[in-house]
Amino acid sequence: RQRLQWLRKAVQAAFLLLLIGGLYSIVRPAFIVLLPLAFLAGNFFCGWLCPFGTVQELVGKIGSLVIKKKFKMPSALQRYLQYSRYILAVIVLSHIAQSFVDLSAINAYKSFFRVAAGTAAQTAALAIMGSFLVAALFFDRPFCNYCCTEGVRYGVLSLGRLATIKRNPEACVGCRQCDKACPMNITVSNCSQVRHAQCINCFQCLSACPKAGALQYGKISVSCGKILRTKTDS
């Protein structure tokens with residue numbers, strides 16, 4: 001399982017280097033294949049390929065070195081805050097707000113690539129992107145959790161996945177290490193299988209699980225959870 005994390009980190013590093021080298025925009029059109037993949041096997045874009053997600057993880061690792069206990073969003077707030085990125089997605093898609101003001105400067109996802117490419121290093125863009133990276137010192141993937149409209153389409157499509165992370169209740173010892181490891185605040189420990197739009201297939205829950213056979217990735221069987229909620233949030 002640790003080897004799986006090393007593989008994921010290698011893929012993340014490769015795509016981050018593509019961005020730094022100015023080649024990311026060339027390979028990005030090929031990501032269209034990730035849409036049907038999300039429908040079949042879950043969202044791999046956010047957990048494996050997105051450079052902004054990778055940078056948030058790197059900043060989060062730095063935060064873990066200086067902060068003994070990172071902040072975890074309480075489930076009572078998480079169940080409502082997770083809707084924020086869907087609200088933002090509706091605004092972006094409808095262009096209602098853009099008829100009054102240009103939102104491109106405060107779109108952190110686009111700003112990240114603009115700043116990295118050196119084409120629009122705006123003060124507002126740097127401030128917005130910087131604020132998310134500062135927050136990443138204390139929270140896991142704050143932008144991915146609450147503001148990423150790019151991840152919405154992969155997340156929603158992943159609800160129809162045929163393969164996902166499954167929990168064997170007979171093998172599970174109830175340590176909740178999977179919940180603590182999940183950067184997207186999914187309550188894995190109370191779900192027989194993860195069918196959640198927030199899941200980014202980072203498999204950190206699998207790596208954190210101390211019990212062999214308790215968590216595994218495989219063919220889905222019985223539905224568990226709703227579009228935006230795990231079993232315990234229902």
# chains A, B, ... in the order shown; residues from 1 in each chain; ligands from 1

call {"tool": "residues_around", "arguments": {"residues": "Val11 in chain A", "least_positions_apart": "3", "cutoff": "10 Å", "atoms": "only C-alpha atoms", "output": "short mmCIF file (atom, residue, chain, number, x, y, z; two decimals) with N, CA, C and O atoms, in the first residue's frame"}}
result
data_model
loop_
_atom_site.label_atom_id
_atom_site.label_comp_id
_atom_site.auth_asym_id
_atom_site.auth_seq_id
_atom_site.Cartn_x
_atom_site.Cartn_y
_atom_site.Cartn_z
N GLN A 5 1.27 4.66 -2.75
CA GLN A 5 1.43 6.08 -2.47
C GLN A 5 2.68 6.64 -3.15
O GLN A 5 2.67 7.77 -3.65
N TRP A 6 3.72 5.84 -3.19
CA TRP A 6 4.93 6.29 -3.89
C TRP A 6 4.66 6.44 -5.38
O TRP A 6 5.16 7.38 -6.02
N LEU A 7 3.85 5.54 -5.95
CA LEU A 7 3.47 5.64 -7.36
C LEU A 7 2.66 6.91 -7.60
O LEU A 7 2.89 7.64 -8.57
N ARG A 8 1.71 7.17 -6.72
CA ARG A 8 0.88 8.36 -6.85
C ARG A 8 1.73 9.62 -6.77
O ARG A 8 1.56 10.56 -7.56
N ALA A 14 5.47 14.21 -11.70
CA ALA A 14 5.64 14.28 -13.15
C ALA A 14 4.78 15.39 -13.75
O ALA A 14 5.24 16.18 -14.59
N PHE A 15 3.52 15.47 -13.31
CA PHE A 15 2.62 16.48 -13.86
C PHE A 15 2.94 17.87 -13.33
O PHE A 15 2.70 18.87 -14.02
N LEU A 16 3.50 17.96 -12.13
CA LEU A 16 3.94 19.25 -11.63
C LEU A 16 5.13 19.74 -12.43
O LEU A 16 5.23 20.93 -12.76
N LEU A 17 6.03 18.84 -12.79
CA LEU A 17 7.18 19.20 -13.62
C LEU A 17 6.74 19.61 -15.02
O LEU A 17 7.35 20.51 -15.63
N GLY A 47 -6.75 13.50 -7.36
CA GLY A 47 -5.82 12.85 -6.44
C GLY A 47 -4.48 12.49 -7.04
O GLY A 47 -3.51 12.24 -6.30
N TRP A 48 -4.39 12.48 -8.38
CA TRP A 48 -3.16 12.01 -9.02
C TRP A 48 -2.52 13.02 -9.98
O TRP A 48 -1.30 13.07 -10.09
N LEU A 49 -3.32 13.82 -10.68
CA LEU A 49 -2.79 14.61 -11.78
C LEU A 49 -2.80 16.12 -11.56
O LEU A 49 -2.00 16.83 -12.17
N CYS A 50 -3.71 16.63 -10.77
CA CYS A 50 -3.87 18.08 -10.63
C CYS A 50 -2.68 18.72 -9.91
O CYS A 50 -2.43 18.43 -8.73
N THR A 54 -1.50 18.87 -5.87
CA THR A 54 -0.18 18.41 -5.45
C THR A 54 0.53 19.45 -4.59
O THR A 54 1.11 19.13 -3.55
#

call {"tool": "closest_atom_pairs", "arguments": {"of": "range 24-111 of chain A", "to": "range 182-191 of chain A", "cutoff": "8 Å", "atoms": "only C-alpha atoms", "output": "tab-separated table"}}
result
residue	atom	partner	partner_atom	distance
A:Lys72	CA	A:Asn185	CA	7.7
A:Met73	CA	A:Asn185	CA	7.3
A:Ser75	CA	A:Asn185	CA	7.9
A:Gln78	CA	A:Asn185	CA	7.4

call {"tool": "closest_residue", "arguments": {"among": "A:Ile67, A:Leu77, A:Leu88, A:Gly42", "to": "His196 in chain A", "atoms": "only C-alpha atoms"}}
result
A:Gly42

call {"tool": "closest_atom_pairs", "arguments": {"of": "range 13-52 of chain A", "to": "range 162-166 of chain A", "cutoff": "8 Å", "atoms": "only C-alpha atoms", "output": "JSON lines"}}
result
{"residue": "A:Phe39", "atom": "CA", "partner": "A:Leu162", "partner_atom": "CA", "distance": 7.6}
{"residue": "A:Leu40", "atom": "CA", "partner": "A:Leu162", "partner_atom": "CA", "distance": 5.1}
{"residue": "A:Ala41", "atom": "CA", "partner": "A:Ala163", "partner_atom": "CA", "distance": 4.9}
{"residue": "A:Gly42", "atom": "CA", "partner": "A:Thr164", "partner_atom": "CA", "distance": 6.8}

call {"tool": "write_last_selection", "arguments": {"atoms": "N, CA and C atoms", "output": "PDB file, in the first residue's frame"}}
result
ATOM      1  N   PHE A  39     -16.318   7.809 -14.355  1.00  0.00           N
ATOM      2  CA  PHE A  39     -17.607   7.110 -14.307  1.00  0.00           C
ATOM      3  C   PHE A  39     -17.422   5.630 -13.990  1.00  0.00           C
ATOM      4  N   LEU A  40     -16.308   5.075 -14.430  1.00  0.00           N
ATOM      5  CA  LEU A  40     -16.061   3.647 -14.246  1.00  0.00           C
ATOM      6  C   LEU A  40     -15.287   3.328 -12.963  1.00  0.00           C
ATOM      7  N   ALA A  41     -14.302   4.161 -12.636  1.00  0.00           N
ATOM      8  CA  ALA A  41     -13.395   3.803 -11.543  1.00  0.00           C
ATOM      9  C   ALA A  41     -13.160   4.918 -10.530  1.00  0.00           C
ATOM     10  N   GLY A  42     -13.863   6.039 -10.653  1.00  0.00           N
ATOM     11  CA  GLY A  42     -13.700   7.115  -9.691  1.00  0.00           C
ATOM     12  C   GLY A  42     -12.796   8.231 -10.190  1.00  0.00           C
TER      13      GLY A  42
END

call {"tool": "residues_around", "arguments": {"residues": "Gly160 in chain A", "least_positions_apart": "5", "cutoff": "12 Å", "atoms": "only C-alpha atoms", "output": "list in words"}}
result
Leu35, Pro36, Leu37, Ala38, Phe39, Leu40, Ala41, Gly42, Asn43, Tyr154, Gly155, Val194, Arg195, His196, Ala197, Lys219, Ile220, Ser221, Ser223, Cys224, Lys226 and Ile227 of chain A

call {"tool": "closest_residue", "arguments": {"among": "A:Ala181, A:Cys199, A:Ala171, A:Leu81", "to": "Gly151 in chain A", "atoms": "only C-alpha atoms"}}
result
A:Cys199

call {"tool": "residues_around", "arguments": {"residues": "Pro210 in chain A", "least_positions_apart": "2", "cutoff": "12 Å", "atoms": "only C-alpha atoms", "output": "count of residues only"}}
result
20
